[in-house]
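The file upload_13.cif contains mmCIF, C-alpha atoms and all ligand atoms:
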```cif
data_my_file
loop_
_atom_site.label_atom_id
_atom_site.label_comp_id
_atom_site.auth_asym_id
_atom_site.auth_seq_id
_atom_site.Cartn_x
_atom_site.Cartn_y
_atom_site.Cartn_z
CA MET A 156 309.94 -51.38 39.09
CA THR A 157 313.08 -49.69 37.92
CA ALA A 158 316.20 -49.05 39.87
CA VAL A 159 318.57 -46.18 39.36
CA THR A 160 321.78 -47.16 41.09
CA ASP A 161 325.53 -46.68 40.97
CA GLN A 162 325.28 -42.95 40.41
CA PRO A 163 328.46 -40.91 40.89
CA MET A 164 328.82 -39.17 44.25
CA THR A 165 327.46 -35.64 43.90
CA PRO A 166 328.61 -32.89 46.31
CA ALA A 167 325.28 -33.28 48.13
CA ALA A 168 325.84 -37.03 48.49
CA ILE A 169 329.38 -36.50 49.79
CA ARG A 170 328.06 -33.97 52.31
CA SER A 171 325.35 -36.43 53.35
CA ALA A 172 327.93 -39.14 54.00
CA GLU A 173 329.87 -36.70 56.20
CA LEU A 174 326.67 -35.81 58.06
CA GLU A 175 326.00 -39.50 58.68
CA ARG A 176 329.39 -39.74 60.40
CA GLN A 177 328.51 -36.75 62.60
CA ILE A 178 325.10 -38.20 63.46
CA ALA A 179 326.72 -41.44 64.57
CA VAL A 180 329.04 -39.51 66.91
CA ASP A 181 326.62 -36.90 68.28
CA PRO A 182 322.95 -37.40 67.31
CA GLY A 183 321.78 -34.89 69.93
CA ARG A 184 323.25 -32.03 67.86
CA PHE A 185 320.66 -32.57 65.16
CA ARG A 186 317.14 -31.33 64.92
CA VAL A 187 315.53 -33.08 61.99
CA LEU A 188 312.56 -31.73 60.09
CA THR A 189 310.94 -33.39 57.14
CA GLY A 190 307.47 -34.08 55.87
CA ASP A 191 304.97 -35.04 53.23
CA ARG A 192 302.07 -33.50 51.42
CA PRO A 193 298.80 -35.26 52.30
CA THR A 194 297.86 -36.14 48.71
CA GLY A 195 297.48 -39.92 48.97
CA ALA A 196 298.72 -43.07 50.63
CA LEU A 197 302.44 -43.49 51.30
CA HIS A 198 304.02 -46.37 49.39
CA LEU A 199 307.11 -48.60 49.31
CA GLY A 200 309.09 -45.95 47.44
CA HIS A 201 308.50 -43.55 50.33
CA TYR A 202 309.30 -46.28 52.83
CA PHE A 203 312.71 -47.20 51.48
CA GLY A 204 313.48 -43.66 50.28
CA THR A 205 312.65 -41.54 53.33
CA LEU A 206 310.25 -42.97 55.90
CA HIS A 207 312.45 -45.67 57.27
CA ASN A 208 315.27 -43.12 57.53
CA ARG A 209 313.18 -40.92 59.86
CA VAL A 210 312.65 -43.77 62.26
CA ARG A 211 316.36 -44.57 62.09
CA LEU A 212 317.25 -40.97 63.01
CA GLN A 213 314.66 -40.97 65.80
CA ASP A 214 316.06 -44.22 67.18
CA LEU A 215 319.62 -42.90 66.96
CA GLY A 216 318.58 -40.07 69.29
CA ALA A 217 318.14 -37.08 66.99
CA GLU A 218 315.18 -34.81 67.71
CA VAL A 219 312.69 -35.32 64.89
CA PHE A 220 309.77 -33.20 63.62
CA VAL A 221 307.50 -34.70 60.97
CA LEU A 222 305.35 -32.27 59.05
CA ILE A 223 302.08 -32.97 57.29
CA ALA A 224 302.22 -30.16 54.72
CA ASP A 225 298.53 -29.54 54.20
CA TYR A 226 298.71 -25.97 52.81
CA GLN A 227 301.29 -27.17 50.32
CA VAL A 228 298.74 -29.49 48.70
CA LEU A 229 297.38 -26.37 47.00
CA THR A 230 300.51 -25.67 44.95
CA ASP A 231 299.45 -27.69 41.92
CA ARG A 232 295.69 -28.03 42.36
CA ASP A 233 292.85 -25.66 43.16
CA VAL A 234 291.23 -27.64 45.96
CA ALA A 235 292.76 -30.10 48.43
CA GLU A 236 290.49 -33.14 48.00
CA ARG A 237 289.90 -35.67 50.80
CA LEU A 238 292.28 -33.75 53.01
CA GLY A 239 291.03 -35.17 56.31
CA ALA A 240 291.26 -38.76 55.10
CA TYR A 241 294.75 -38.30 53.68
CA VAL A 242 296.01 -36.62 56.85
CA GLU A 243 294.70 -39.53 58.92
CA GLY A 244 296.24 -41.98 56.44
CA LEU A 245 299.66 -40.33 56.80
CA LEU A 246 299.38 -40.44 60.56
CA LEU A 247 298.59 -44.14 60.47
CA ASP A 248 301.51 -44.77 58.12
CA TYR A 249 303.92 -42.90 60.40
CA LEU A 250 302.78 -44.73 63.50
CA ALA A 251 302.83 -48.05 61.66
CA ILE A 252 306.48 -47.72 60.60
CA GLY A 253 307.61 -46.85 64.12
CA VAL A 254 307.42 -43.08 64.47
CA ASP A 255 307.11 -42.73 68.23
CA PRO A 256 304.96 -39.73 69.25
CA ALA A 257 306.69 -39.64 72.64
CA ARG A 258 309.97 -38.78 70.91
CA THR A 259 308.93 -37.36 67.53
CA THR A 260 306.67 -34.35 66.98
CA VAL A 261 304.11 -34.92 64.22
CA PHE A 262 302.12 -31.83 63.19
CA ASN A 263 300.28 -30.24 60.28
CA HIS A 264 301.45 -26.76 59.38
CA SER A 265 298.01 -25.18 58.94
CA ALA A 266 297.49 -25.78 62.69
CA VAL A 267 300.58 -23.72 63.58
CA PRO A 268 299.84 -20.01 62.95
CA ALA A 269 303.22 -18.69 64.12
CA LEU A 270 305.00 -20.96 61.61
CA ASN A 271 302.97 -19.45 58.80
CA GLN A 272 303.60 -15.91 59.94
CA LEU A 273 307.32 -16.43 59.34
CA LEU A 274 306.45 -16.43 55.65
CA LEU A 275 306.06 -12.63 55.69
CA PRO A 276 309.57 -11.63 56.73
CA PHE A 277 311.00 -14.56 54.76
CA LEU A 278 309.37 -13.42 51.51
CA SER A 279 311.08 -10.07 51.91
CA LEU A 280 314.45 -11.83 51.78
CA VAL A 281 314.14 -13.32 48.28
CA SER A 282 313.72 -11.66 44.90
CA VAL A 283 310.99 -12.43 42.40
CA ALA A 284 313.71 -13.45 39.93
CA GLU A 285 315.08 -16.00 42.40
CA LEU A 286 311.62 -17.46 42.93
CA GLY A 287 311.21 -17.84 39.16
CA ARG A 288 314.55 -19.63 38.72
CA ASN A 289 313.83 -22.58 41.06
CA PRO A 290 314.26 -25.68 38.85
CA THR A 291 311.86 -27.88 40.87
CA VAL A 292 309.16 -25.21 40.72
CA LYS A 293 309.74 -24.81 36.97
CA ASP A 294 309.42 -28.55 36.50
CA GLU A 295 306.21 -28.68 38.52
CA ILE A 296 304.74 -25.81 36.51
CA ALA A 297 305.63 -27.64 33.28
CA HIS A 298 303.80 -30.76 34.49
CA SER A 299 300.88 -29.00 36.14
CA ARG A 300 297.42 -29.59 34.73
CA GLN A 301 296.20 -26.29 36.14
CA ALA A 302 295.07 -23.55 33.78
CA ALA A 303 296.90 -20.85 35.73
CA VAL A 304 299.98 -20.89 37.93
CA SER A 305 299.20 -19.52 41.38
CA GLY A 306 301.35 -17.26 43.51
CA LEU A 307 301.60 -20.10 46.01
CA MET A 308 303.43 -22.21 43.43
CA TYR A 309 306.22 -19.61 43.24
CA THR A 310 306.39 -18.96 46.95
CA TYR A 311 305.97 -22.41 48.43
CA PRO A 312 309.74 -23.03 48.69
CA VAL A 313 309.84 -20.00 51.01
CA HIS A 314 306.93 -21.46 52.97
CA GLN A 315 309.02 -24.61 53.18
CA ALA A 316 311.82 -22.49 54.67
CA ALA A 317 309.32 -21.52 57.39
CA ASP A 318 308.49 -25.22 57.87
CA ILE A 319 312.13 -25.96 58.52
CA LEU A 320 313.27 -22.85 60.35
CA PHE A 321 310.33 -22.46 62.75
CA CYS A 322 311.91 -25.23 64.84
CA LYS A 323 315.47 -24.30 63.85
CA GLY A 324 315.78 -27.60 62.04
CA ASN A 325 319.36 -28.18 60.93
CA LEU A 326 318.98 -31.50 59.13
CA VAL A 327 316.42 -32.19 56.42
CA PRO A 328 316.19 -35.73 55.02
CA VAL A 329 314.83 -35.31 51.50
CA GLY A 330 315.04 -36.61 47.96
CA GLN A 331 317.16 -35.08 45.21
CA ASP A 332 314.24 -33.02 43.86
CA GLN A 333 314.07 -31.06 47.11
CA LEU A 334 317.65 -29.76 46.99
CA PRO A 335 316.71 -26.44 45.31
CA HIS A 336 314.22 -25.83 48.14
CA LEU A 337 316.90 -26.51 50.72
CA GLU A 338 319.02 -23.88 48.97
CA VAL A 339 316.15 -21.39 49.37
CA THR A 340 315.96 -22.24 53.07
CA ARG A 341 319.69 -21.72 53.50
CA THR A 342 319.51 -18.41 51.64
CA VAL A 343 316.60 -17.22 53.79
CA ALA A 344 318.39 -18.20 57.00
CA ARG A 345 321.66 -16.56 55.95
CA ARG A 346 320.05 -13.32 54.81
CA PHE A 347 317.88 -13.08 57.90
CA ASN A 348 320.92 -13.52 60.11
CA GLU A 349 322.88 -10.93 58.11
CA ARG A 350 320.13 -8.34 58.31
CA TYR A 351 318.82 -8.87 61.81
CA GLY A 352 321.38 -10.87 63.76
CA PRO A 353 321.93 -14.58 64.30
CA VAL A 354 318.65 -16.45 64.78
CA PHE A 355 318.61 -19.37 62.36
CA PRO A 356 320.85 -22.33 61.49
CA GLU A 357 321.62 -23.00 57.81
CA PRO A 358 320.17 -26.48 57.49
CA ASP A 359 321.73 -29.34 55.57
CA ALA A 360 319.96 -31.78 53.28
CA LEU A 361 320.44 -35.43 54.16
CA LEU A 362 320.09 -37.56 51.04
CA SER A 363 319.01 -41.14 51.53
CA ALA A 364 321.56 -43.76 50.53
CA ALA A 365 318.72 -46.03 49.33
CA PRO A 366 318.50 -46.42 45.56
CA LEU A 367 315.47 -44.97 43.84
CA LEU A 368 312.51 -47.27 43.19
CA LEU A 369 310.35 -46.49 40.20
CA GLY A 370 306.77 -47.71 39.79
CA THR A 371 305.55 -51.09 38.51
CA ASP A 372 305.11 -49.49 35.06
CA GLY A 373 308.68 -48.20 34.94
CA THR A 374 307.70 -44.54 35.40
CA LYS A 375 308.09 -42.36 38.49
CA MET A 376 306.43 -44.05 41.45
CA SER A 377 303.52 -41.83 42.35
CA LYS A 378 300.68 -41.77 44.83
CA SER A 379 298.20 -41.11 42.04
CA ARG A 380 299.41 -43.30 39.15
CA GLY A 381 298.35 -46.71 40.46
CA ASN A 382 301.92 -47.98 39.99
CA SER A 383 302.94 -48.28 43.62
CA VAL A 384 302.28 -50.59 46.55
CA ALA A 385 300.83 -48.59 49.44
CA LEU A 386 302.17 -49.35 52.93
CA GLY A 387 298.64 -50.11 54.04
CA ALA A 388 297.78 -52.32 51.01
CA SER A 389 296.52 -55.85 51.69
CA GLU A 390 298.54 -58.94 50.75
CA ASP A 391 296.18 -59.58 47.81
CA GLU A 392 296.46 -56.03 46.49
CA THR A 393 300.22 -56.34 46.77
CA ALA A 394 300.21 -59.60 44.79
CA ARG A 395 297.97 -58.10 42.12
CA LEU A 396 300.11 -54.99 41.63
CA ILE A 397 303.35 -56.95 41.42
CA LYS A 398 301.78 -59.47 39.04
CA GLY A 399 301.01 -56.60 36.68
CA ALA A 400 304.54 -55.16 36.79
CA THR A 401 306.48 -54.62 33.57
CA THR A 402 309.26 -57.19 32.91
CA ASP A 403 310.91 -58.49 29.70
CA ALA A 404 311.13 -61.62 27.54
CA ASP A 405 314.44 -63.01 28.91
CA ARG A 406 313.64 -65.88 31.32
CA HIS A 407 317.05 -65.71 32.98
CA ILE A 408 316.81 -63.24 35.85
CA THR A 409 319.75 -60.88 36.37
CA TYR A 410 320.28 -57.57 38.11
CA GLU A 411 321.16 -55.11 35.35
CA PRO A 412 319.50 -51.76 36.06
CA ALA A 413 320.77 -50.04 32.91
CA THR A 414 319.63 -52.63 30.37
CA ARG A 415 316.77 -54.43 32.17
CA PRO A 416 315.08 -51.71 34.23
CA GLY A 417 311.80 -53.56 34.83
CA VAL A 418 313.36 -56.79 36.06
CA ALA A 419 316.07 -54.96 38.01
CA GLY A 420 313.47 -52.85 39.80
CA LEU A 421 311.65 -55.95 41.00
CA VAL A 422 314.90 -57.61 42.05
CA LEU A 423 315.88 -54.49 43.96
CA LEU A 424 312.53 -54.35 45.74
CA ALA A 425 312.91 -57.95 46.89
CA ALA A 426 316.51 -57.27 47.92
CA LEU A 427 315.52 -54.21 49.97
CA CYS A 428 312.76 -56.16 51.73
CA LEU A 429 315.04 -59.13 52.39
CA ASP A 430 317.99 -56.88 53.28
CA ARG A 431 320.16 -58.77 50.80
CA ASP A 432 322.33 -58.02 47.79
CA PRO A 433 320.28 -57.70 44.56
CA HIS A 434 322.79 -59.75 42.52
CA THR A 435 322.45 -62.71 44.90
CA VAL A 436 318.66 -62.47 44.82
CA ALA A 437 318.71 -62.49 41.00
CA GLU A 438 321.13 -65.42 40.86
CA GLU A 439 318.93 -67.53 43.10
CA ILE A 440 315.92 -67.02 40.85
CA GLY A 441 318.11 -67.74 37.81
CA ASP A 442 316.08 -69.42 35.06
CA GLY A 443 312.82 -69.22 37.04
CA GLY A 444 311.62 -66.34 34.87
CA ALA A 445 309.35 -63.42 35.62
CA ALA A 446 306.75 -65.59 37.38
CA ALA A 447 309.24 -66.86 39.97
CA LEU A 448 310.67 -63.35 40.34
CA LYS A 449 307.23 -61.89 41.02
CA ARG A 450 306.47 -64.62 43.54
CA THR A 451 309.72 -63.85 45.36
CA VAL A 452 308.98 -60.12 45.35
CA THR A 453 305.40 -60.56 46.55
CA ASP A 454 306.46 -62.84 49.40
CA ALA A 455 309.32 -60.53 50.38
CA VAL A 456 307.13 -57.40 50.40
CA ASN A 457 304.32 -59.09 52.30
CA ALA A 458 306.70 -60.52 54.90
CA LYS A 459 308.50 -57.19 55.36
CA MET A 460 305.25 -55.23 55.59
CA ALA A 461 303.39 -57.72 57.82
CA PRO A 462 304.35 -56.16 61.18
CA ILE A 463 303.88 -52.63 59.78
CA ARG A 464 300.44 -53.48 58.44
CA ALA A 465 299.46 -55.18 61.69
CA ARG A 466 300.44 -52.08 63.67
CA ARG A 467 298.60 -49.87 61.19
CA ALA A 468 295.41 -51.93 61.61
CA GLU A 469 295.74 -51.78 65.37
CA TYR A 470 296.02 -47.98 65.44
CA ALA A 471 293.16 -47.69 62.92
CA GLN A 472 290.82 -49.24 65.47
CA ASP A 473 291.06 -46.12 67.60
CA MET A 474 291.12 -43.07 65.36
CA GLY A 475 290.27 -40.87 68.33
CA GLN A 476 293.61 -41.73 69.85
CA VAL A 477 295.36 -41.15 66.50
CA ARG A 478 293.82 -37.68 66.19
CA ASP A 479 294.88 -36.93 69.77
CA ILE A 480 298.46 -37.74 68.80
CA LEU A 481 298.29 -35.09 66.08
CA ARG A 482 296.68 -32.61 68.50
CA ALA A 483 299.51 -33.11 70.98
CA GLY A 484 302.10 -32.72 68.20
CA ASN A 485 300.43 -29.50 67.06
CA GLU A 486 300.46 -28.15 70.58
CA ARG A 487 304.16 -28.74 70.88
CA ALA A 488 304.85 -27.32 67.39
CA ASN A 489 302.86 -24.21 68.33
CA ALA A 490 304.94 -23.63 71.45
CA VAL A 491 308.16 -23.96 69.45
CA ALA A 492 306.87 -21.72 66.63
CA GLU A 493 305.72 -18.99 69.01
CA ALA A 494 309.11 -18.89 70.71
CA THR A 495 310.84 -18.55 67.33
CA LEU A 496 308.42 -15.89 66.10
CA THR A 497 309.03 -13.88 69.27
CA GLU A 498 312.75 -14.02 68.62
CA VAL A 499 312.21 -12.98 65.00
CA ARG A 500 310.05 -10.00 65.94
CA GLU A 501 312.57 -8.90 68.54
CA ALA A 502 315.45 -9.23 66.09
CA MET A 503 313.50 -7.15 63.57
CA GLY A 504 312.55 -4.53 66.16
CA MET A 505 308.80 -5.00 65.73
CA PHE A 506 306.55 -3.13 68.20
CA ARG A 507 304.81 -5.44 70.64
N1 LIG B 1 307.82 -30.53 49.43
C1 LIG B 1 307.84 -31.78 50.17
C2 LIG B 1 307.30 -32.87 49.26
O1 LIG B 1 306.46 -32.62 48.40
C3 LIG B 1 307.04 -31.74 51.44
C4 LIG B 1 307.53 -30.69 52.40
C5 LIG B 1 306.88 -29.56 52.78
C6 LIG B 1 308.78 -30.69 53.08
N2 LIG B 1 307.64 -28.85 53.64
C7 LIG B 1 308.80 -29.51 53.85
C8 LIG B 1 309.88 -31.57 53.10
C9 LIG B 1 309.93 -29.17 54.63
C10 LIG B 1 310.99 -31.23 53.88
C11 LIG B 1 311.00 -30.04 54.63
O2 LIG B 1 307.70 -33.99 49.43
#
```
Before anything else, please render the file you have as structure tokens.
Amino acid sequence: MTAVTDQPMTPAAIRSAELERQIAVDPGRFRVLTGDRPTGALHLGHYFGTLHNRVRLQDLGAEVFVLIADYQVLTDRDVAERLGAYVEGLLLDYLAIGVDPARTTVFNHSAVPALNQLLLPFLSLVSVAELGRNPTVKDEIAHSRQAAVSGLMYTYPVHQAADILFCKGNLVPVGQDQLPHLEVTRTVARRFNERYGPVFPEPDALLSAAPLLLGTDGTKMSKSRGNSVALGASEDETARLIKGATTDADRHITYEPATRPGVAGLVLLAALCLDRDPHTVAEEIGDGGAAALKRTVTDAVNAKMAPIRARRAEYAQDMGQVRDILRAGNERANAVAEATLTEVREAMGMFR
């Protein structure tokens, strides 16, 4: 796995650091919304990048909404395959890592009609040219294997604005690639408020401080590429995946992300699991070579994941209860969305 670390502080990273200070002082001021597309199992990259951060914010006392973005699966494929199974898998992952349904609202946006209706007024607030300029959308179109680009591909960042603004979310923990979408959300909120009066906050992105983990083959860690360790993977699957990871010929283990990406990625993964400094972890392995490194990583991952996997297995024994958790989350999300939609219609002067 490859690590990308020691990047210069971007304006978004500086803003995130400032937000962290505010969260520490007054967590109750923040309503957090973030989510995932149900396209596969969540993995260690998600865990250290975003998932663990949600639980941290929940435990600090912020109000958290976690979205399962099922409509958004259709942006880059014609049919959402195995949707039910993936939704249930995400739910299990969330519960396993410590998302507490008594404090955090988990919902899927297709079950919240009033959220989706916000898309209509929101689409009127952005131009076609703006939709076409979104760099993340452009990138996704370039990598899409679809024959034709759908209208949903161009408009999904506006749908994402509805995801965030339906609950007046003001803090959105996301990865770097989502920043253009956050800009769309801010634009939508600002223009709505200008045209119709103050209804929405302009939400901030909260970038994770965790360094980026790439997959065991050195490319982007992805649910579908077989290069990631799923949260719910067994100890044996974990060992097998790490055994197959790309390293190099130098037996002496060091932490040098720029020149030894494969080795550094593994060292970083062990360090994150052990909550230790990657340089110290590398030094201790020293001349042990890739085999010793992989043993250390496997043990560290399996130890770190053991309680999470145990909790996951426990919840999986009663899927009825797990589905009820989502039903309750959807009920709450619907109440919040309907209140917001009422405000929006009133602000716009719609006949009721
Ligand atoms: N686009 C996000 C992803 O693919 C998922 C998502 C949908 C999301 N709606 C959101 C994230 C709203 C944050 C806020 O990861």
Report the distance between CA of Phe185 (chain A) and CA of Gly244 (chain A) in Å, rounded to one decimal place.
27.6 Å
Give me, as a ChimeraX atom specification, all polymer residues having an atom no more than 10 Å from Leu229 (chain A), counting all atoms listed in the file and skipping those fewer than 2 positions away in the same chain.
/A:192,194,224-227,231-236,305,307-308,311
I need the residues from that last selection saved to file as a PDB file, in the coordinates of the input (with C-alpha atoms), if you can.
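Produced file part.pdb, reproduced below:
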```
ATOM      1  CA  ARG A 192     302.070 -33.500  51.420  1.00  0.00           C
ATOM      2  CA  THR A 194     297.860 -36.140  48.710  1.00  0.00           C
ATOM      3  CA  ALA A 224     302.220 -30.160  54.720  1.00  0.00           C
ATOM      4  CA  ASP A 225     298.530 -29.540  54.200  1.00  0.00           C
ATOM      5  CA  TYR A 226     298.710 -25.970  52.810  1.00  0.00           C
ATOM      6  CA  GLN A 227     301.290 -27.170  50.320  1.00  0.00           C
ATOM      7  CA  ASP A 231     299.450 -27.690  41.920  1.00  0.00           C
ATOM      8  CA  ARG A 232     295.690 -28.030  42.360  1.00  0.00           C
ATOM      9  CA  ASP A 233     292.850 -25.660  43.160  1.00  0.00           C
ATOM     10  CA  VAL A 234     291.230 -27.640  45.960  1.00  0.00           C
ATOM     11  CA  ALA A 235     292.760 -30.100  48.430  1.00  0.00           C
ATOM     12  CA  GLU A 236     290.490 -33.140  48.000  1.00  0.00           C
ATOM     13  CA  SER A 305     299.200 -19.520  41.380  1.00  0.00           C
ATOM     14  CA  LEU A 307     301.600 -20.100  46.010  1.00  0.00           C
ATOM     15  CA  MET A 308     303.430 -22.210  43.430  1.00  0.00           C
ATOM     16  CA  TYR A 311     305.970 -22.410  48.430  1.00  0.00           C
TER      17      TYR A 311
END
```
Using all atoms listed in the file, I'd like a table of the residues in chain A that come within 6 Å of ligand LIG 1 (chain B); for each, show the closest atom pair and its distance in Å rounded to one decimal, ordered by chain and ascending number, as a Markdown table.
```
| residue | atom | partner | partner_atom | distance |
| --- | --- | --- | --- | --- |
| A:Leu188 | CA | B:LIG1 | C11 | 5.9 |
| A:Thr189 | CA | B:LIG1 | C10 | 3.9 |
| A:Gly190 | CA | B:LIG1 | C8 | 4.4 |
| A:Asp191 | CA | B:LIG1 | C3 | 4.3 |
| A:Arg192 | CA | B:LIG1 | C3 | 5.3 |
| A:Ala224 | CA | B:LIG1 | C5 | 5.1 |
| A:Gln315 | CA | B:LIG1 | N2 | 4.5 |
| A:Asp318 | CA | B:LIG1 | C9 | 5.3 |
| A:Ile319 | CA | B:LIG1 | C9 | 5.5 |
```
Can you pull out the residues contacting region 161-178 of chain A? Cut-off 12 Å, using only C-alpha atoms, and skip same-chain residues under 5 positions away; I want them as a PyMOL selection string.
chain A and resi 183-187+208+211-218+325-335+337-338+358-367+411-413
Each residue of region 239-274 of chain A with at least one atom at most 10 Å from region 386-396 of chain A should appear once, together with its nearest atom pair and the corresponding distance in Å (one decimal); atoms considered: all atoms listed in the file; ordering: chain, then increasing residue number; output as CSV.
```
residue,atom,partner,partner_atom,distance
A:Gly244,CA,A:Gly387,CA,8.8
A:Leu247,CA,A:Gly387,CA,8.8
A:Asp248,CA,A:Leu386,CA,7.0
A:Ala251,CA,A:Leu386,CA,8.9
A:Ile252,CA,A:Leu386,CA,8.9
```
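Our summary of the geometry notes that CA of Glu439 (chain A) is positioned 27.1 Å from CA of His201 (chain A).
CA of Lys293 (chain A) sits 24.1 Å away from CA of Glu357 (chain A).
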Shortest contact to Leu280 (chain A), candidates A:Ala446, A:Val343, A:Leu250, A:Ile463, atoms counted only C-alpha atoms, goes to A:Val343
Spatial neighbours of Thr402 (chain A), 8 Å, all atoms listed in the file, chain gap at least 4 places, as a ChimeraX atom specification
/A:417-418,445
Excluding Val422 (chain A) and any residue of its chain fewer than 6 positions from it, enumerate the residues within 8 Å of it, using all atoms listed in the file, and give them as a compact mmCIF listing (two decimals) with C-alpha atoms, keeping the file's coordinate frame.
```
# COMPACT_ATOMS: atom_id res chain seq x y z
CA TYR A 410 320.28 -57.57 38.11
CA PRO A 433 320.28 -57.70 44.56
CA VAL A 436 318.66 -62.47 44.82
CA ALA A 437 318.71 -62.49 41.00
CA LEU A 448 310.67 -63.35 40.34
CA VAL A 452 308.98 -60.12 45.35
```
For Leu429 (chain A), which of A:Val456, A:Asp442, A:Arg500, A:Val477 is the closest residue, counting all atoms listed in the file?
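When distances to Leu429 (chain A) are compared using all atoms listed in the file, the smallest one comes from A:Val456.
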What's around Glu285 (chain A) at 12 Å? Count all atoms listed in the file, leave out sequence neighbours fewer than 6 positions away in its own chain, and write the answer as a ChimeraX atom specification.
/A:278-279,292-293,309-310,312-313,335-336,338-339,342-343
Compute the distance from (308.0, -48.3, 38.2) to each atom, counting only C-alpha atoms, keep the residues with any atom at most 7 Å away, and return them as a ChimeraX atom specification; use the coordinates of the file.
/A:156-157,368-376,382
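With distances restricted to all atoms listed in the file, A:Cys322 is the closest residue to Arg487 (chain A) from A:Met505, A:Ala316, A:Leu199, A:Cys322.
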With distances taken over all atoms listed in the file, which residue among A:Thr401, A:Ile408, A:Thr414, A:Ala455 lies nearest Ile440 (chain A)?
A:Ile408
